[in-house]
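Working notes, structure below.
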Amino acid sequence: MKLINILSDHSQTAPAQAKPLPRKPVDLARHALELAATLSRHLDLDALIDHFSRRLGEVLPYDSLSFRHELAGQWHAIAHGSGGRHSCTYQLQVEEVPLGTLRIARRQRFEEPELAMLEQLIGVIVYPLRNALLYRRAQHDAATDPLTGLSNRGVFDDALPREISRALRYGTHLTLLMVDVDNLKHINDRAGHSAGDRALQQVAGMLRAGVRDSDQVFRYAGDEFAVLLVGGDATTAREVAERLRSRVDQLPADAGAARPTLSIGLAPLRDADSGQTLFERADRALYAAKQAGRNCVCSAD
């Protein structure tokens, strides 16, 4: 276990400030043991940080606590509270494996005995934190298509009825796009499967970049993708689908291979739709787009 204090401004000269209200004295060793026992039962990362935040606050006054970690090349943050001009920031790691960055801040400067207490309690969270991060990575890997980095069909099957229920409850729009990559077999046959993989990755990137953060993109299977457009009406959804098709149509082709293009079936949610009926309508629209010559968008009846 290793704690690296990368920033601590508790010793900087600053105007005198009110001291934090004294807390009832605690048996720190017992508190740490109880904390360790509780944290060892948590595999959910948010619950782990939440519990640590609350138990830390019982012995050390602070205004905010935040934890940042990297997963699949992206930084994720969990924050509790806000404010605090004085802070301590720790890089956490076990056996040279980085676990993330923990930052505690408050209005008053930290005193040396408080820092010693803080670091003793941070030491308690490190191994439960490693287990929670390993669990989160396993969940992420199980839900992610390894080639494109998009959520996979299992996540789509869970998300579709949930988003339908939410849209019907709040009276908001929802549109399902079923997307097929044209010419993928031809690309594989003429330029090899590596070229086909690159085409799928390019399409996935275009789809993800071409929708809002509130929308969801999935690799459904093989050369098919699914896109859930949340909030826009049918006209807006048609504009999004045409924009996605046009952007992919402009991608360069691998030497000797056909360019990837998209056939897209579009189905706006109806009040009577279930996940199955919405999917079937979008799938029929996709079939119509392919029958119409590919590289086009067709809407469900």
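If you're wondering about the labels, chains in the structure tokens are A, B, ... by order shown, residues count from 1 in each chain, ligands from 1 in order shown.
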With the cut-off set at 8 Å and counting only C-alpha atoms, tabulate each residue of stretch 212-235 of chain A with an atom at most that distance from an atom of stretch 147-156 of chain A, showing the nearest atom pair and its distance in Å to one decimal, ordered by chain and increasing number, as a tab-separated table.
```
residue	atom	partner	partner_atom	distance
A:Val217	CA	A:Leu150	CA	6.7
A:Phe218	CA	A:Ser151	CA	4.9
A:Arg219	CA	A:Asn152	CA	5.2
A:Tyr220	CA	A:Arg153	CA	4.8
A:Ala221	CA	A:Arg153	CA	7.0
A:Ala226	CA	A:Phe156	CA	7.9
```
Write out as JSON, numbers by chain each polymer residue whose atoms come within 12 Å of A:Leu262, counting only C-alpha atoms; drop sequence neighbours fewer than 2 positions from it.
{"A": [177, 178, 179, 180, 181, 182, 183, 184, 199, 200, 202, 203, 204, 206, 207, 223, 224, 225, 241, 242, 243, 244, 245, 246, 247, 248, 249, 250, 251, 259, 260, 264, 265, 286, 289, 290, 293, 294, 295, 296, 297, 298]}
Could you pull out the helix (DSSP H, G or I) residues of stretch 41-280 of chain A from DSSP and send them as number ranges by chain?
A: 45-57, 112-143, 153-170, 184-191, 193-209, 234-249, 275-280
Those residues with C-alpha atoms, as an mmCIF file, in the first residue's frame please?
```cif
data_model
loop_
_atom_site.group_PDB
_atom_site.id
_atom_site.type_symbol
_atom_site.label_atom_id
_atom_site.label_comp_id
_atom_site.auth_asym_id
_atom_site.auth_seq_id
_atom_site.Cartn_x
_atom_site.Cartn_y
_atom_site.Cartn_z
ATOM 1 C CA LEU A 45 -17.636 1.861 -5.545
ATOM 2 C CA ASP A 46 -20.141 4.657 -4.914
ATOM 3 C CA ALA A 47 -21.366 3.014 -1.707
ATOM 4 C CA LEU A 48 -17.776 2.497 -0.564
ATOM 5 C CA ILE A 49 -16.836 6.162 -1.044
ATOM 6 C CA ASP A 50 -20.111 7.290 0.507
ATOM 7 C CA HIS A 51 -19.534 5.233 3.654
ATOM 8 C CA PHE A 52 -15.917 6.316 3.954
ATOM 9 C CA SER A 53 -16.978 9.938 3.543
ATOM 10 C CA ARG A 54 -19.533 9.685 6.351
ATOM 11 C CA ARG A 55 -17.235 7.856 8.761
ATOM 12 C CA LEU A 56 -14.359 10.257 8.081
ATOM 13 C CA GLY A 57 -16.655 13.164 8.891
ATOM 14 C CA GLU A 112 -0.363 17.914 11.577
ATOM 15 C CA PRO A 113 -2.275 15.640 14.019
ATOM 16 C CA GLU A 114 -5.294 15.809 11.733
ATOM 17 C CA LEU A 115 -3.191 14.806 8.730
ATOM 18 C CA ALA A 116 -1.827 11.824 10.656
ATOM 19 C CA MET A 117 -5.394 10.778 11.506
ATOM 20 C CA LEU A 118 -6.498 11.312 7.922
ATOM 21 C CA GLU A 119 -3.713 9.192 6.484
ATOM 22 C CA GLN A 120 -4.385 6.393 8.960
ATOM 23 C CA LEU A 121 -8.015 6.246 7.837
ATOM 24 C CA ILE A 122 -7.122 6.530 4.146
ATOM 25 C CA GLY A 123 -4.888 3.525 4.672
ATOM 26 C CA VAL A 124 -7.968 1.565 5.713
ATOM 27 C CA ILE A 125 -9.817 2.193 2.446
ATOM 28 C CA VAL A 126 -7.049 1.230 0.034
ATOM 29 C CA TYR A 127 -7.574 -2.545 -0.181
ATOM 30 C CA PRO A 128 -11.403 -2.400 -0.203
ATOM 31 C CA LEU A 129 -11.029 0.297 -2.876
ATOM 32 C CA ARG A 130 -8.859 -1.991 -4.995
ATOM 33 C CA ASN A 131 -11.502 -4.752 -4.753
ATOM 34 C CA ALA A 132 -14.307 -2.345 -5.677
ATOM 35 C CA LEU A 133 -12.359 -1.060 -8.691
ATOM 36 C CA LEU A 134 -11.644 -4.608 -9.861
ATOM 37 C CA TYR A 135 -15.359 -5.390 -9.542
ATOM 38 C CA ARG A 136 -16.324 -2.241 -11.462
ATOM 39 C CA ARG A 137 -13.839 -3.109 -14.216
ATOM 40 C CA ALA A 138 -15.277 -6.628 -14.446
ATOM 41 C CA GLN A 139 -18.783 -5.140 -14.756
ATOM 42 C CA HIS A 140 -17.555 -2.718 -17.404
ATOM 43 C CA ASP A 141 -15.825 -5.439 -19.410
ATOM 44 C CA ALA A 142 -18.899 -7.674 -19.256
ATOM 45 C CA ALA A 143 -21.073 -4.841 -20.591
ATOM 46 C CA ARG A 153 -26.442 -6.192 -26.731
ATOM 47 C CA GLY A 154 -27.002 -7.278 -23.134
ATOM 48 C CA VAL A 155 -26.935 -3.656 -22.012
ATOM 49 C CA PHE A 156 -29.258 -2.715 -24.898
ATOM 50 C CA ASP A 157 -31.751 -5.412 -23.867
ATOM 51 C CA ASP A 158 -31.833 -3.903 -20.373
ATOM 52 C CA ALA A 159 -31.878 -0.275 -21.501
ATOM 53 C CA LEU A 160 -34.677 -0.494 -24.084
ATOM 54 C CA PRO A 161 -37.608 -1.345 -21.763
ATOM 55 C CA ARG A 162 -36.246 1.027 -19.114
ATOM 56 C CA GLU A 163 -36.094 3.978 -21.534
ATOM 57 C CA ILE A 164 -39.526 3.130 -22.945
ATOM 58 C CA SER A 165 -41.016 3.091 -19.441
ATOM 59 C CA ARG A 166 -39.371 6.419 -18.620
ATOM 60 C CA ALA A 167 -40.525 8.066 -21.858
ATOM 61 C CA LEU A 168 -44.121 6.896 -21.417
ATOM 62 C CA ARG A 169 -44.175 7.939 -17.757
ATOM 63 C CA TYR A 170 -42.946 11.474 -18.415
ATOM 64 C CA LEU A 184 -18.796 -5.135 -44.491
ATOM 65 C CA LYS A 185 -18.514 -8.603 -46.056
ATOM 66 C CA HIS A 186 -17.050 -7.047 -49.186
ATOM 67 C CA ILE A 187 -14.519 -5.095 -47.101
ATOM 68 C CA ASN A 188 -13.526 -8.279 -45.254
ATOM 69 C CA ASP A 189 -13.217 -10.251 -48.485
ATOM 70 C CA ARG A 190 -11.251 -7.617 -50.413
ATOM 71 C CA ALA A 191 -9.063 -6.039 -47.718
ATOM 72 C CA HIS A 193 -10.806 -8.705 -41.485
ATOM 73 C CA SER A 194 -8.489 -6.073 -40.036
ATOM 74 C CA ALA A 195 -9.938 -3.590 -42.507
ATOM 75 C CA GLY A 196 -13.430 -4.727 -41.551
ATOM 76 C CA ASP A 197 -12.616 -4.207 -37.878
ATOM 77 C CA ARG A 198 -11.319 -0.712 -38.629
ATOM 78 C CA ALA A 199 -14.523 0.077 -40.494
ATOM 79 C CA LEU A 200 -16.615 -1.025 -37.522
ATOM 80 C CA GLN A 201 -14.482 1.053 -35.163
ATOM 81 C CA GLN A 202 -14.804 4.100 -37.409
ATOM 82 C CA VAL A 203 -18.566 3.702 -37.613
ATOM 83 C CA ALA A 204 -18.824 3.268 -33.833
ATOM 84 C CA GLY A 205 -16.813 6.437 -33.316
ATOM 85 C CA MET A 206 -18.980 8.371 -35.768
ATOM 86 C CA LEU A 207 -22.177 7.181 -34.118
ATOM 87 C CA ARG A 208 -21.000 8.068 -30.623
ATOM 88 C CA ALA A 209 -19.671 11.473 -31.680
ATOM 89 C CA ALA A 234 -39.495 12.160 -35.156
ATOM 90 C CA THR A 235 -38.333 15.072 -37.309
ATOM 91 C CA THR A 236 -35.262 15.637 -35.162
ATOM 92 C CA ALA A 237 -34.528 11.917 -35.102
ATOM 93 C CA ARG A 238 -34.692 11.798 -38.908
ATOM 94 C CA GLU A 239 -32.223 14.693 -39.098
ATOM 95 C CA VAL A 240 -29.844 12.913 -36.709
ATOM 96 C CA ALA A 241 -30.074 9.672 -38.684
ATOM 97 C CA GLU A 242 -29.369 11.452 -41.976
ATOM 98 C CA ARG A 243 -26.409 13.261 -40.420
ATOM 99 C CA LEU A 244 -24.950 9.989 -39.156
ATOM 100 C CA ARG A 245 -25.424 8.349 -42.560
ATOM 101 C CA SER A 246 -23.811 11.302 -44.348
ATOM 102 C CA ARG A 247 -20.778 11.407 -42.063
ATOM 103 C CA VAL A 248 -20.055 7.708 -42.502
ATOM 104 C CA ASP A 249 -20.579 8.047 -46.269
ATOM 105 C CA GLY A 275 -39.571 -3.157 -26.253
ATOM 106 C CA GLN A 276 -40.346 -5.961 -28.699
ATOM 107 C CA THR A 277 -42.763 -3.981 -30.879
ATOM 108 C CA LEU A 278 -40.509 -0.912 -31.023
ATOM 109 C CA PHE A 279 -37.555 -3.092 -32.002
ATOM 110 C CA GLU A 280 -39.596 -4.937 -34.640
#
```
Could you pull the residues within 12 Å of A:Asp213, counting only C-alpha atoms, minus those fewer than 6 positions along the same chain, as a PDB file with N, CA and C atoms, in the first residue's frame?
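Final output, out30.pdb:
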```
ATOM      1  N   LEU A 207     -20.871   7.233 -34.775  1.00  0.00           N
ATOM      2  CA  LEU A 207     -22.177   7.181 -34.118  1.00  0.00           C
ATOM      3  C   LEU A 207     -22.120   7.843 -32.743  1.00  0.00           C
ATOM      4  N   VAL A 227     -29.209   2.633 -31.737  1.00  0.00           N
ATOM      5  CA  VAL A 227     -29.066   3.969 -31.148  1.00  0.00           C
ATOM      6  C   VAL A 227     -30.408   4.368 -30.549  1.00  0.00           C
ATOM      7  N   LEU A 228     -30.398   4.754 -29.270  1.00  0.00           N
ATOM      8  CA  LEU A 228     -31.584   5.278 -28.615  1.00  0.00           C
ATOM      9  C   LEU A 228     -31.456   6.794 -28.531  1.00  0.00           C
ATOM     10  N   LEU A 229     -32.334   7.497 -29.224  1.00  0.00           N
ATOM     11  CA  LEU A 229     -32.348   8.955 -29.201  1.00  0.00           C
ATOM     12  C   LEU A 229     -33.407   9.401 -28.193  1.00  0.00           C
ATOM     13  N   VAL A 230     -32.960  10.055 -27.155  1.00  0.00           N
ATOM     14  CA  VAL A 230     -33.835  10.404 -26.036  1.00  0.00           C
ATOM     15  C   VAL A 230     -34.242  11.873 -26.139  1.00  0.00           C
ATOM     16  N   GLY A 231     -35.554  12.138 -26.226  1.00  0.00           N
ATOM     17  CA  GLY A 231     -36.040  13.509 -26.121  1.00  0.00           C
ATOM     18  C   GLY A 231     -36.408  14.195 -27.416  1.00  0.00           C
TER      19      GLY A 231
END
```
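Between atom CA of A:Leu99 and atom CA of A:Glu70 lies a distance of 8.1 Å.
In this comparison, which uses only C-alpha atoms, the residue of A:Gln74, A:Thr144, A:Thr172, A:Ser82 approaching A:Leu269 most closely is A:Thr172.
Distance-wise, atom CA of A:Val94 and atom CA of A:Glu34 end up 21.5 Å apart.
The nearest approach to A:Gly192 among the residues A:Leu35, A:Leu102, A:Ala258, A:Ala282, with only C-alpha atoms taken into account, belongs to A:Ala258.
Comparing the minimum interatomic distances between A:Asp273 and each of A:Gln216, A:Thr175, A:Gln291, A:Gln108, counting only C-alpha atoms, we find that A:Thr175 sits nearest.
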Residues of stretch 124-262 of chain A in strand (DSSP E), written as JSON, numbers by chain:
{"A": [174, 175, 176, 177, 178, 179, 180, 181, 182, 216, 217, 218, 219, 220, 221, 224, 225, 226, 227, 228, 229, 230, 261, 262]}
Those same residues - C-alpha atoms - I'd like them written as a PDB file, in the first residue's frame.
```pdb
ATOM      1  CA  LEU A 174     -37.879   8.297 -27.721  1.00  0.00           C
ATOM      2  CA  THR A 175     -36.662   6.966 -31.081  1.00  0.00           C
ATOM      3  CA  LEU A 176     -34.853   3.737 -31.864  1.00  0.00           C
ATOM      4  CA  LEU A 177     -32.427   3.595 -34.790  1.00  0.00           C
ATOM      5  CA  MET A 178     -31.306   0.203 -36.057  1.00  0.00           C
ATOM      6  CA  VAL A 179     -28.133   0.668 -38.089  1.00  0.00           C
ATOM      7  CA  ASP A 180     -26.489  -1.781 -40.474  1.00  0.00           C
ATOM      8  CA  VAL A 181     -22.995  -1.307 -41.955  1.00  0.00           C
ATOM      9  CA  ASP A 182     -23.288  -1.912 -45.699  1.00  0.00           C
ATOM     10  CA  GLN A 216     -27.153   5.776 -26.123  1.00  0.00           C
ATOM     11  CA  VAL A 217     -25.238   3.791 -28.746  1.00  0.00           C
ATOM     12  CA  PHE A 218     -24.825   0.000 -28.702  1.00  0.00           C
ATOM     13  CA  ARG A 219     -23.143  -2.618 -30.838  1.00  0.00           C
ATOM     14  CA  TYR A 220     -26.085  -4.934 -31.347  1.00  0.00           C
ATOM     15  CA  ALA A 221     -24.412  -7.776 -33.258  1.00  0.00           C
ATOM     16  CA  GLU A 224     -25.445  -3.926 -36.648  1.00  0.00           C
ATOM     17  CA  PHE A 225     -25.700  -1.071 -34.150  1.00  0.00           C
ATOM     18  CA  ALA A 226     -28.609   0.327 -32.163  1.00  0.00           C
ATOM     19  CA  VAL A 227     -29.066   3.969 -31.148  1.00  0.00           C
ATOM     20  CA  LEU A 228     -31.584   5.278 -28.615  1.00  0.00           C
ATOM     21  CA  LEU A 229     -32.348   8.955 -29.201  1.00  0.00           C
ATOM     22  CA  VAL A 230     -33.835  10.404 -26.036  1.00  0.00           C
ATOM     23  CA  THR A 261     -22.036   3.106 -45.663  1.00  0.00           C
ATOM     24  CA  LEU A 262     -25.067   2.891 -43.397  1.00  0.00           C
TER      25      LEU A 262
END
```
Separation of atom CA of A:Ser274 and atom CA of A:Pro146, in Å?
29.2 Å
